[in-house]
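File shown here: run_9.txt, holding compact mmCIF, C-alpha atoms.
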# COMPACT_ATOMS: atom_id res chain seq x y z
CA MET E 1 0.00 0.00 0.00
CA THR E 2 2.84 2.39 0.88
CA ARG E 3 4.57 1.56 -2.39
CA LEU E 4 1.34 2.42 -4.30
CA LEU E 5 1.12 5.81 -2.64
CA LEU E 6 4.75 6.58 -3.37
CA VAL E 7 4.17 5.81 -7.03
CA PHE E 8 0.96 7.85 -7.25
CA VAL E 9 2.42 11.04 -5.80
CA PRO E 10 5.26 11.45 -8.34
CA ALA E 11 2.79 10.63 -11.09
CA ALA E 12 0.42 13.31 -9.92
CA VAL E 13 3.24 15.80 -9.67
CA PHE E 14 4.29 14.92 -13.17
CA LEU E 15 0.81 15.27 -14.60
CA THR E 16 0.42 18.63 -12.93
CA ALA E 17 3.68 19.82 -14.26
CA CYS E 18 2.76 18.74 -17.77
CA SER E 19 -0.78 20.19 -17.67
CA PRO E 20 -1.27 23.22 -19.91
CA GLN E 21 -1.41 26.52 -18.03
CA PRO E 22 -4.69 28.53 -18.29
CA ARG E 23 -4.56 31.11 -21.01
CA PRO E 24 -4.45 34.71 -19.84
CA VAL E 25 -7.83 36.42 -20.01
CA ASP E 26 -8.10 39.29 -22.44
CA PRO E 27 -9.26 42.27 -20.34
CA SER E 28 -11.16 43.62 -23.34
CA SER E 29 -13.17 40.42 -23.79
CA ARG E 30 -16.87 40.32 -23.00
CA GLU E 31 -16.31 37.86 -20.14
CA ALA E 32 -13.64 40.05 -18.52
CA ARG E 33 -15.75 43.18 -18.87
CA ALA E 34 -18.77 41.38 -17.40
CA ALA E 35 -16.70 40.18 -14.43
CA ALA E 36 -15.40 43.71 -13.82
CA LEU E 37 -18.92 45.10 -13.94
CA ALA E 38 -20.11 42.46 -11.48
CA THR E 39 -17.27 43.30 -9.08
CA ARG E 40 -18.14 47.00 -9.22
CA ALA E 41 -21.85 46.20 -8.82
CA GLU E 42 -21.17 44.22 -5.66
CA GLY E 43 -19.38 47.24 -4.26
CA ASP E 44 -22.42 49.40 -5.04
CA ALA E 45 -24.71 46.87 -3.38
CA ALA E 46 -22.53 46.77 -0.27
CA GLN E 47 -22.84 50.56 0.02
CA GLY E 48 -26.61 50.50 -0.44
CA ARG E 49 -26.64 51.77 -4.02
CA LEU E 50 -28.99 49.04 -5.20
CA ARG E 51 -30.13 50.79 -8.37
CA ASP E 52 -26.54 51.15 -9.57
CA ALA E 53 -25.84 47.55 -8.60
CA ILE E 54 -28.82 46.33 -10.61
CA ASP E 55 -27.74 48.36 -13.64
CA GLY E 56 -24.24 46.89 -13.38
CA TYR E 57 -25.43 43.31 -13.23
CA VAL E 58 -27.93 43.86 -16.05
CA GLU E 59 -25.05 45.02 -18.26
CA ALA E 60 -22.90 42.08 -17.13
CA ALA E 61 -25.70 39.67 -18.05
CA ARG E 62 -25.95 41.31 -21.45
CA LEU E 63 -22.23 40.86 -22.05
CA ALA E 64 -22.17 37.26 -20.79
CA PRO E 65 -25.66 35.83 -21.39
CA GLU E 66 -24.42 32.29 -20.87
CA ASP E 67 -23.54 33.02 -17.23
CA ASP E 68 -26.69 32.48 -15.13
CA ARG E 69 -25.05 33.96 -12.05
CA TYR E 70 -25.51 37.50 -13.33
CA ARG E 71 -29.23 37.07 -14.06
CA ASP E 72 -29.77 35.43 -10.69
CA ARG E 73 -28.04 38.31 -8.95
CA VAL E 74 -30.16 40.83 -10.84
CA ALA E 75 -33.29 39.09 -9.53
CA GLN E 76 -31.96 39.08 -5.95
CA LEU E 77 -30.99 42.75 -6.04
CA ARG E 78 -34.25 43.79 -7.69
CA GLU E 79 -36.25 42.03 -4.97
CA ALA E 80 -34.22 43.77 -2.28
CA PHE E 81 -34.59 47.13 -4.03
CA VAL E 82 -38.34 46.74 -4.43
CA THR E 83 -38.70 45.88 -0.74
CA SER E 84 -36.68 48.93 0.29
CA LEU E 85 -38.70 51.22 -1.98
CA ARG E 86 -41.99 49.87 -0.67
CA ASP E 87 -40.85 50.42 2.90
CA GLU E 88 -39.66 53.92 2.04
CA ALA E 89 -42.92 54.80 0.29
CA GLU E 90 -45.15 53.45 3.05
CA THR E 91 -43.12 55.19 5.74
CA ALA E 92 -43.32 58.48 3.83
CA LEU E 93 -47.07 58.12 3.40
CA GLY E 94 -47.46 57.36 7.08
CA HIS E 95 -45.59 60.55 7.96
CA GLY E 96 -47.52 62.62 5.42
CA ASP E 97 -44.38 63.20 3.35
CA LEU E 98 -46.16 62.99 0.00
CA PRO E 99 -43.26 64.20 -2.22
CA SER E 100 -40.98 61.50 -0.81
CA ALA E 101 -43.69 58.89 -1.21
CA ARG E 102 -44.18 59.95 -4.82
CA ARG E 103 -40.43 59.75 -5.57
CA ALA E 104 -40.22 56.27 -4.08
CA ALA E 105 -43.31 55.20 -6.03
CA VAL E 106 -41.91 56.49 -9.32
CA ALA E 107 -38.69 54.56 -8.68
CA LEU E 108 -40.73 51.49 -7.83
CA VAL E 109 -42.63 51.74 -11.11
CA GLU E 110 -39.37 52.05 -13.03
CA VAL E 111 -37.89 48.95 -11.37
CA GLU E 112 -41.08 46.86 -11.35
CA PRO E 113 -43.47 48.26 -14.00
CA ASP E 114 -45.69 45.18 -14.03
CA SER E 115 -46.36 45.33 -10.30
CA PRO E 116 -49.31 47.29 -8.84
CA ALA E 117 -47.31 48.43 -5.80
CA GLY E 118 -45.81 51.61 -7.26
CA TYR E 119 -49.06 52.71 -8.86
CA HIS E 120 -50.95 52.09 -5.61
CA VAL E 121 -48.58 54.42 -3.76
CA LEU E 122 -48.81 57.00 -6.56
CA ALA E 123 -52.60 56.91 -6.21
CA SER E 124 -52.41 57.39 -2.43
CA ALA E 125 -49.95 60.28 -2.78
CA ALA E 126 -52.03 62.01 -5.45
CA GLU E 127 -55.18 61.59 -3.36
CA GLY E 128 -53.40 63.10 -0.39
CA GLU E 129 -52.47 66.09 -2.56
CA GLY E 130 -56.06 66.51 -3.68
CA LYS E 131 -55.28 65.45 -7.27
CA LEU E 132 -58.16 63.04 -7.54
CA GLU E 133 -58.02 62.54 -11.30
CA ASP E 134 -54.31 61.64 -11.08
CA ALA E 135 -55.15 59.32 -8.20
CA TRP E 136 -57.88 57.66 -10.24
CA ALA E 137 -55.57 57.08 -13.21
CA ALA E 138 -52.88 55.51 -11.02
CA ALA E 139 -55.40 53.38 -9.12
CA VAL E 140 -56.87 52.08 -12.39
CA THR E 141 -53.40 51.01 -13.52
CA ALA E 142 -52.74 49.30 -10.19
CA HIS E 143 -56.05 47.44 -10.42
CA GLU E 144 -55.33 46.37 -14.01
CA ARG E 145 -52.11 44.75 -12.84
CA ALA E 146 -53.82 42.80 -10.05
CA PRO E 147 -57.59 42.65 -10.71
CA ALA E 148 -58.12 39.94 -8.10
CA ASP E 149 -56.59 42.00 -5.29
CA ALA E 150 -59.48 42.98 -2.99
CA GLU E 151 -57.56 45.85 -1.35
CA LEU E 152 -56.77 47.46 -4.70
CA THR E 153 -60.34 46.94 -5.89
CA GLU E 154 -61.78 48.61 -2.79
CA ALA E 155 -59.33 51.51 -3.08
CA LEU E 156 -60.38 52.01 -6.71
CA ALA E 157 -64.08 51.83 -5.77
CA ALA E 158 -63.58 54.47 -3.06
CA LEU E 159 -61.90 56.76 -5.59
CA ALA E 160 -64.72 56.12 -8.03
CA ILE E 161 -67.12 57.49 -5.41
CA LYS E 162 -64.90 60.51 -4.74
CA THR E 163 -64.68 61.31 -8.46
CA ALA E 164 -68.44 60.78 -9.02
CA ARG E 165 -67.92 57.65 -11.13
CA PHE E 166 -70.84 55.92 -9.49
CA ALA E 167 -71.48 53.32 -12.19
CA GLU E 168 -67.87 52.14 -11.91
CA ALA E 169 -68.13 52.16 -8.12
CA GLU E 170 -71.26 50.00 -8.19
CA ALA E 171 -69.56 47.46 -10.48
CA LEU E 172 -66.43 47.32 -8.33
CA TYR E 173 -68.32 46.98 -5.05
CA GLY E 174 -70.47 44.35 -6.75
CA GLU E 175 -67.36 42.28 -7.48
CA LEU E 176 -66.24 42.62 -3.86
CA ALA E 177 -69.71 41.72 -2.56
CA LYS E 178 -69.42 38.28 -4.18
CA SER E 179 -66.91 37.30 -1.51
CA ASP E 180 -67.63 39.93 1.15
CA PRO E 181 -71.34 40.53 1.90
CA ALA E 182 -70.44 43.68 3.82
CA MET E 183 -69.71 45.34 0.48
CA ALA E 184 -73.32 44.94 -0.65
CA GLU E 185 -74.32 48.03 1.34
CA LYS E 186 -71.63 50.09 -0.38
CA GLN E 187 -72.74 48.72 -3.74
CA ALA E 188 -76.30 49.83 -3.01
CA ALA E 189 -75.11 53.29 -1.97
CA ALA E 190 -73.09 53.62 -5.18
CA ARG E 191 -76.09 52.54 -7.26
CA LEU E 192 -78.24 55.12 -5.49
CA GLU E 193 -75.71 57.88 -6.17
CA PHE E 194 -75.63 56.87 -9.83
CA GLN E 195 -79.41 57.22 -9.99
CA VAL E 196 -79.27 60.62 -8.28
CA GLN E 197 -76.60 61.74 -10.72
CA ASN E 198 -78.95 61.02 -13.60
CA LEU E 199 -82.10 62.59 -12.16
CA PRO E 200 -83.69 65.62 -13.85
CA PRO E 201 -82.80 68.93 -12.17
CA LEU E 202 -86.03 69.29 -10.17
CA ALA E 203 -85.76 65.83 -8.63
CA ARG E 204 -82.03 66.22 -8.03
CA LYS E 205 -82.73 69.44 -6.12
CA ALA E 206 -85.31 67.56 -4.04
CA VAL E 207 -82.75 64.88 -3.13
CA ALA E 208 -80.39 67.58 -1.88
CA ALA E 209 -83.00 69.07 0.49
CA PRO E 210 -82.21 68.64 4.20
CA ARG E 211 -85.98 68.51 4.88
CA VAL E 212 -88.00 67.37 1.89
CA THR E 213 -91.27 69.20 1.35
CA ARG E 214 -94.49 67.82 -0.08
CA ALA E 215 -93.78 69.55 -3.38
CA GLN E 216 -90.31 68.03 -3.53
CA LEU E 217 -91.62 64.58 -2.59
CA ALA E 218 -94.17 64.90 -5.39
CA ALA E 219 -91.32 65.65 -7.81
CA LEU E 220 -89.51 62.50 -6.65
CA LEU E 221 -92.66 60.37 -6.94
CA ALA E 222 -93.36 61.60 -10.46
CA THR E 223 -89.76 60.89 -11.47
CA LEU E 224 -89.30 57.49 -9.85
CA VAL E 225 -92.74 55.86 -9.95
CA PRO E 226 -94.05 55.22 -13.47
CA GLU E 227 -97.62 54.96 -12.24
CA VAL E 228 -97.44 58.50 -10.86
CA ALA E 229 -95.81 59.92 -13.97
CA SER E 230 -98.42 58.38 -16.30
CA VAL E 231 -101.62 58.90 -14.29
CA ARG E 232 -104.49 60.63 -16.08
CA VAL E 233 -105.99 63.34 -13.88
CA PRO E 234 -109.80 63.36 -14.25
CA PRO E 235 -111.64 66.62 -14.91
CA GLY E 236 -112.90 68.32 -11.80
CA ALA E 237 -110.09 67.02 -9.57
CA ASP E 238 -109.18 69.03 -6.51
CA VAL E 239 -106.85 71.90 -7.33
CA ALA E 240 -104.72 73.51 -4.66
CA THR E 241 -104.14 77.22 -4.99
CA ASP E 242 -100.60 77.00 -3.57
CA ILE E 243 -99.28 74.94 -6.46
CA LEU E 244 -100.31 77.05 -9.45
CA ASP E 245 -97.01 78.82 -10.12
CA ARG E 246 -94.65 76.16 -8.85
CA PRO E 247 -92.20 74.14 -10.98
CA GLU E 248 -93.55 70.99 -9.25
CA ARG E 249 -97.15 71.83 -10.24
CA ASN E 250 -97.73 68.84 -12.56
CA ALA E 251 -96.12 66.42 -10.11
CA LEU E 252 -98.31 67.77 -7.31
CA VAL E 253 -101.48 67.50 -9.40
CA ARG E 254 -100.73 63.83 -10.12
CA SER E 255 -99.80 63.09 -6.50
CA ILE E 256 -103.00 64.70 -5.25
CA ALA E 257 -105.07 62.74 -7.77
CA LEU E 258 -103.53 59.47 -6.52
CA GLY E 259 -104.21 60.33 -2.88
CA PHE E 260 -100.67 61.02 -1.68
CA PHE E 261 -101.74 64.49 -0.50
CA SER E 262 -105.12 66.04 0.21
CA VAL E 263 -106.36 69.57 -0.47
CA SER E 264 -108.02 71.41 2.39
CA ARG E 265 -111.64 72.17 1.57
CA GLU E 266 -111.50 75.31 3.73
CA THR E 267 -108.26 76.88 2.52
CA HIS E 268 -107.80 75.04 -0.81
CA LEU E 269 -104.17 74.53 0.11
CA VAL E 270 -102.14 71.31 -0.03
CA GLY E 271 -99.22 72.64 2.01
CA ALA E 272 -96.67 72.42 -0.78
CA ASP E 273 -93.89 73.81 1.40
CA VAL E 274 -94.73 71.73 4.48
CA PRO E 275 -91.87 69.34 5.38
CA VAL E 276 -92.78 65.68 5.12
CA SER E 277 -92.78 64.01 8.53
CA ARG E 278 -91.13 60.67 9.20
CA SER E 279 -94.40 59.16 10.38
CA GLU E 280 -96.15 60.39 7.22
CA MET E 281 -93.70 58.50 4.98
CA LEU E 282 -95.11 55.09 5.88
CA GLY E 283 -98.45 55.91 4.23
CA HIS E 284 -96.75 57.32 1.13
CA LEU E 285 -94.60 54.22 0.74
CA ARG E 286 -97.57 51.90 1.19
CA ARG E 287 -99.35 53.81 -1.57
CA VAL E 288 -96.30 53.42 -3.84
CA ALA E 289 -96.33 49.68 -3.17
CA ALA E 290 -100.08 49.53 -3.89
CA LEU E 291 -99.56 51.22 -7.24
CA ARG E 292 -97.03 48.48 -8.05
CA GLY E 293 -99.40 45.74 -6.92
CA ASN E 294 -97.68 44.85 -3.62
CA PRO E 295 -99.40 46.78 -0.78
CA ASP E 296 -99.11 44.12 1.92
CA ASP E 297 -95.36 43.60 2.16
CA ASP E 298 -94.23 42.92 5.75
CA CYS E 299 -91.66 45.70 5.45
CA LEU E 300 -94.45 48.28 5.16
CA VAL E 301 -96.57 47.47 8.20
CA ALA E 302 -94.99 49.93 10.66
CA PRO E 303 -92.15 52.46 10.99
CA ALA E 304 -90.08 49.88 12.86
CA ALA E 305 -90.51 47.47 9.94
CA LEU E 306 -89.29 50.16 7.54
CA ALA E 307 -86.16 50.52 9.62
CA GLY E 308 -85.67 46.77 9.94
CA CYS E 309 -85.86 46.31 6.18
CA GLY E 310 -83.40 49.14 5.57
CA ILE E 311 -86.02 51.35 3.87
CA LEU E 312 -86.18 54.28 6.28
CA ARG E 313 -84.20 54.54 9.47
CA GLU E 314 -85.74 55.65 12.75
CA THR E 315 -83.91 58.76 13.93
CA ALA E 316 -84.46 61.62 16.35
CA SER E 317 -85.46 63.89 13.47
CA ARG E 318 -89.19 64.22 12.83
CA GLN E 319 -88.63 65.20 9.21
CA VAL E 320 -87.15 63.29 6.30
CA SER E 321 -84.28 64.49 4.15
CA GLY E 322 -84.54 64.40 0.38
CA ARG E 323 -81.91 61.69 0.17
CA GLU E 324 -83.78 59.57 2.73
CA ALA E 325 -87.02 59.99 0.81
CA PHE E 326 -85.34 59.07 -2.48
CA ALA E 327 -83.73 55.95 -0.98
CA ALA E 328 -87.02 54.90 0.67
CA ILE E 329 -88.99 55.20 -2.57
CA ASP E 330 -86.30 53.29 -4.45
CA ALA E 331 -86.24 50.52 -1.84
CA THR E 332 -90.04 50.25 -1.91
CA LEU E 333 -90.03 49.95 -5.69
CA ARG E 334 -87.49 47.14 -5.46
CA LEU E 335 -89.73 45.32 -2.96
CA ALA E 336 -92.51 45.31 -5.52
CA ARG E 337 -90.41 43.90 -8.37
Could I get this structure in the form of structure tokens?
Amino acid sequence: MTRLLLVFVPAAVFLTACSPQPRPVDPSSREARAAALATRAEGDAAQGRLRDAIDGYVEAARLAPEDDRYRDRVAQLREAFVTSLRDEAETALGHGDLPSARRAAVALVEVEPDSPAGYHVLASAAEGEGKLEDAWAAAVTAHERAPADAELTEALAALAIKTARFAEAEALYGELAKSDPAMAEKQAAARLEFQVQNLPPLARKAVAAPRVTRAQLAALLATLVPEVASVRVPPGADVATDILDRPERNALVRSIALGFFSVSRETHLVGADVPVSRSEMLGHLRRVAALRGNPDDDCLVAPAALAGCGILRETASRQVSGREAFAAIDATLRLAR
């Protein structure tokens, strides 16, 4: 055994001595230039200059595409850079430093253009600056890059509400409601706002009233309830003298003919400017349901039932706002469908 070892060692020494020496590397070759770039990039990474390090490794990978180490290092550095930019952007947003958040977001978009993260921060920064259209554009891009992300979808829906894009908001909240029933209420609110947005001026003014009057309620009824809008008023019907020169005159005439309001035989007034009371709304809503062929719905038996069905809340106020009246009529119409 000892003799074998003694023979092997000189043989190994001989083979080593006879082996060809590695050829000197040409410093101008693509491999040498790539290696130099990688060395410099590692120095940049060590000093926290991740963007420069990424650029260096990207160039090295271009020069030596057969070397997977450069591409792998680009991926590692990019992931680290993206994480640092996200942290920087979120910290800046948390401190209200919107310019810094925007700069970090722009850098994030440049490094990772297919990710929603940078655009989401851009949207938040623009919203904080009051630039809602810029925020909307950035939020749309973020959502396009991750349409299944519930957080991004909700953020876009909220911006849709703020920018009066109620149809888009309803669709977005509808998608969220498929997996989160709590979003159904927001979807309904968005749908209501879309309807209000498309009302004729007289009805839209009624919705904005803090205390809806009988004349304004008549305008809403004539706009929302087809049976009110199309009713034929018979000759000799009661005519109130306080409606003759009002813009809601035709709506009031139809509402009076259908029994929503009565004209005083003594004064010949209907009280067009009288605020509608909360207790009075139950009768009006039951009449709407009767016109649609559904007068006996359990939701319309008492004020508490209205509240329980989400039609009209019970509050300390004795009067009803225009928005409450609009929502209650809309909910009653949906009961009768």
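Atom pair atom CA of Arg265 of chain E / atom CA of Val253 of chain E: separated by 15.7 Å.
Among the candidates E:Arg86, E:Arg214, E:Arg286, E:Arg278, the residue lying nearest to Phe261 of chain E is E:Arg214 (atoms considered: all atoms listed in the file).
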> Quick one: of E:Asp330, E:Glu59, E:Glu193, E:Glu112, who's nearest to Glu79 of chain E, counting only C-alpha atoms?
Replying inline: E:Glu112
Per-residue nearest contacts segment 82-143 of chain E to segment 41-56 of chain E, cut-off 10 Å, using all atoms listed in the file, as CSV:
residue,atom,partner,partner_atom,distance
E:Val82,CA,E:Leu50,CA,9.7
E:Ser84,CA,E:Leu50,CA,9.4
E:Ala107,CA,E:Arg51,CA,9.4
E:Val111,CA,E:Arg51,CA,8.5
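With distances restricted to all atoms listed in the file, E:Phe194 is the closest residue to Glu170 of chain E from E:Ala125, E:Val301, E:Ser279, E:Phe194.
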If you count only C-alpha atoms, which residues fall within 6 Å of Ala219 of chain E, apart from same-chain ones fewer than 5 positions away, as a PDB file with C-alpha atoms, in the frame of the given file?
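Final output, out-v6.pdb:
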ATOM      1  CA  ALA E 203     -85.760  65.830  -8.630  1.00  0.00           C
ATOM      2  CA  GLU E 248     -93.550  70.990  -9.250  1.00  0.00           C
ATOM      3  CA  ALA E 251     -96.120  66.420 -10.110  1.00  0.00           C
TER       4      ALA E 251
END
>> What does the structure give for the distance between atom CA of His284 of chain E and atom CA of Phe260 of chain E, in Å to one decimal?
In response: 6.1 Å
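Using all atoms listed in the file, the smallest distance between any of E:Leu202, E:Ala171, E:Leu159, E:Ala126 and Ala188 of chain E comes from E:Ala171.
Restricting the calculation to all atoms listed in the file, the smallest distance between Ala146 of chain E and any of E:Glu127, E:Asp297, E:Asp114, E:Asp97 is found for E:Asp114.
We find atom CA of Asp238 of chain E and atom CA of Ala257 of chain E to be spaced 7.6 Å apart.
The set of protein, DNA and RNA residues with any counted atom at most 12 Å from (-86.7, 46.8, -4.8) (only C-alpha atoms) reads Ala188, Leu192, Val288, Ala289, Arg292, Asn294, Asp297, Cys299, Cys309, Gly310, Ile311, Ala327, Ala328, Ile329, Asp330, Ala331, Thr332, Leu333, Arg334, Leu335, Ala336 and Arg337 of chain E.
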>> Taking (-50.4, 46.3, -10.3) as a centre in this file's frame and 12 Å as the limit, can you find every polymer residue with an atom that close, using all atoms listed in the file, and give them as a PyMOL selection string?
In response: chain E and resi 108-109+112-123+138-149+151-153
Those same residues - C-alpha atoms - I'd like them written as a PDB file, in the frame of the given file.
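And here is the file that came out, again-v7.pdb:
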ATOM      1  CA  LEU E 108     -40.730  51.490  -7.830  1.00  0.00           C
ATOM      2  CA  VAL E 109     -42.630  51.740 -11.110  1.00  0.00           C
ATOM      3  CA  GLU E 112     -41.080  46.860 -11.350  1.00  0.00           C
ATOM      4  CA  PRO E 113     -43.470  48.260 -14.000  1.00  0.00           C
ATOM      5  CA  ASP E 114     -45.690  45.180 -14.030  1.00  0.00           C
ATOM      6  CA  SER E 115     -46.360  45.330 -10.300  1.00  0.00           C
ATOM      7  CA  PRO E 116     -49.310  47.290  -8.840  1.00  0.00           C
ATOM      8  CA  ALA E 117     -47.310  48.430  -5.800  1.00  0.00           C
ATOM      9  CA  GLY E 118     -45.810  51.610  -7.260  1.00  0.00           C
ATOM     10  CA  TYR E 119     -49.060  52.710  -8.860  1.00  0.00           C
ATOM     11  CA  HIS E 120     -50.950  52.090  -5.610  1.00  0.00           C
ATOM     12  CA  VAL E 121     -48.580  54.420  -3.760  1.00  0.00           C
ATOM     13  CA  LEU E 122     -48.810  57.000  -6.560  1.00  0.00           C
ATOM     14  CA  ALA E 123     -52.600  56.910  -6.210  1.00  0.00           C
ATOM     15  CA  ALA E 138     -52.880  55.510 -11.020  1.00  0.00           C
ATOM     16  CA  ALA E 139     -55.400  53.380  -9.120  1.00  0.00           C
ATOM     17  CA  VAL E 140     -56.870  52.080 -12.390  1.00  0.00           C
ATOM     18  CA  THR E 141     -53.400  51.010 -13.520  1.00  0.00           C
ATOM     19  CA  ALA E 142     -52.740  49.300 -10.190  1.00  0.00           C
ATOM     20  CA  HIS E 143     -56.050  47.440 -10.420  1.00  0.00           C
ATOM     21  CA  GLU E 144     -55.330  46.370 -14.010  1.00  0.00           C
ATOM     22  CA  ARG E 145     -52.110  44.750 -12.840  1.00  0.00           C
ATOM     23  CA  ALA E 146     -53.820  42.800 -10.050  1.00  0.00           C
ATOM     24  CA  PRO E 147     -57.590  42.650 -10.710  1.00  0.00           C
ATOM     25  CA  ALA E 148     -58.120  39.940  -8.100  1.00  0.00           C
ATOM     26  CA  ASP E 149     -56.590  42.000  -5.290  1.00  0.00           C
ATOM     27  CA  GLU E 151     -57.560  45.850  -1.350  1.00  0.00           C
ATOM     28  CA  LEU E 152     -56.770  47.460  -4.700  1.00  0.00           C
ATOM     29  CA  THR E 153     -60.340  46.940  -5.890  1.00  0.00           C
TER      30      THR E 153
END
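Of the listed residues E:Arg249, E:Arg211, E:Lys205, E:Arg62, the one whose atoms come nearest to Gln319 of chain E is E:Arg211, with distances taken using only C-alpha atoms.
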Listed atoms of segment 66-81 of chain E, axis-aligned box, 4 Å per side: centre and edge lengths to one decimal in Å, as AutoDock Vina command-line options?
--center_x -29.9 --center_y 39.7 --center_z -11.6 --size_x 20.7 --size_y 22.8 --size_z 26.6
>> Taking 5 positions as the minimum chain separation for residues in the same chain, which residues sit within 10 Å of Leu172 of chain E when counting all atoms listed in the file? Answer as a count of residues only.
In response: 15
> Within 12 Å of Glu129 of chain E, counting all atoms listed in the file, which residues qualify if same-chain residues fewer than 5 places away don't, as a ChimeraX atom specification?
Replying inline: /E:93,96-99,101-102,122-124,134-135
>> I want to know what sits within 7 Å of segment 68-70 of chain E, based on all atoms listed in the file, with residues of the same chain fewer than 6 positions away left out; could you give that as a list in words?
In response: Tyr57, Ala60 and Ala61 of chain E
> Do you know which residues are at most 9 Å from Arg254 of chain E counting all atoms listed in the file, after dropping those on the same chain fewer than 2 positions away, and could you put them as a PyMOL selection string?
Replying inline: chain E and resi 218+222+228-233+249-252+256-260
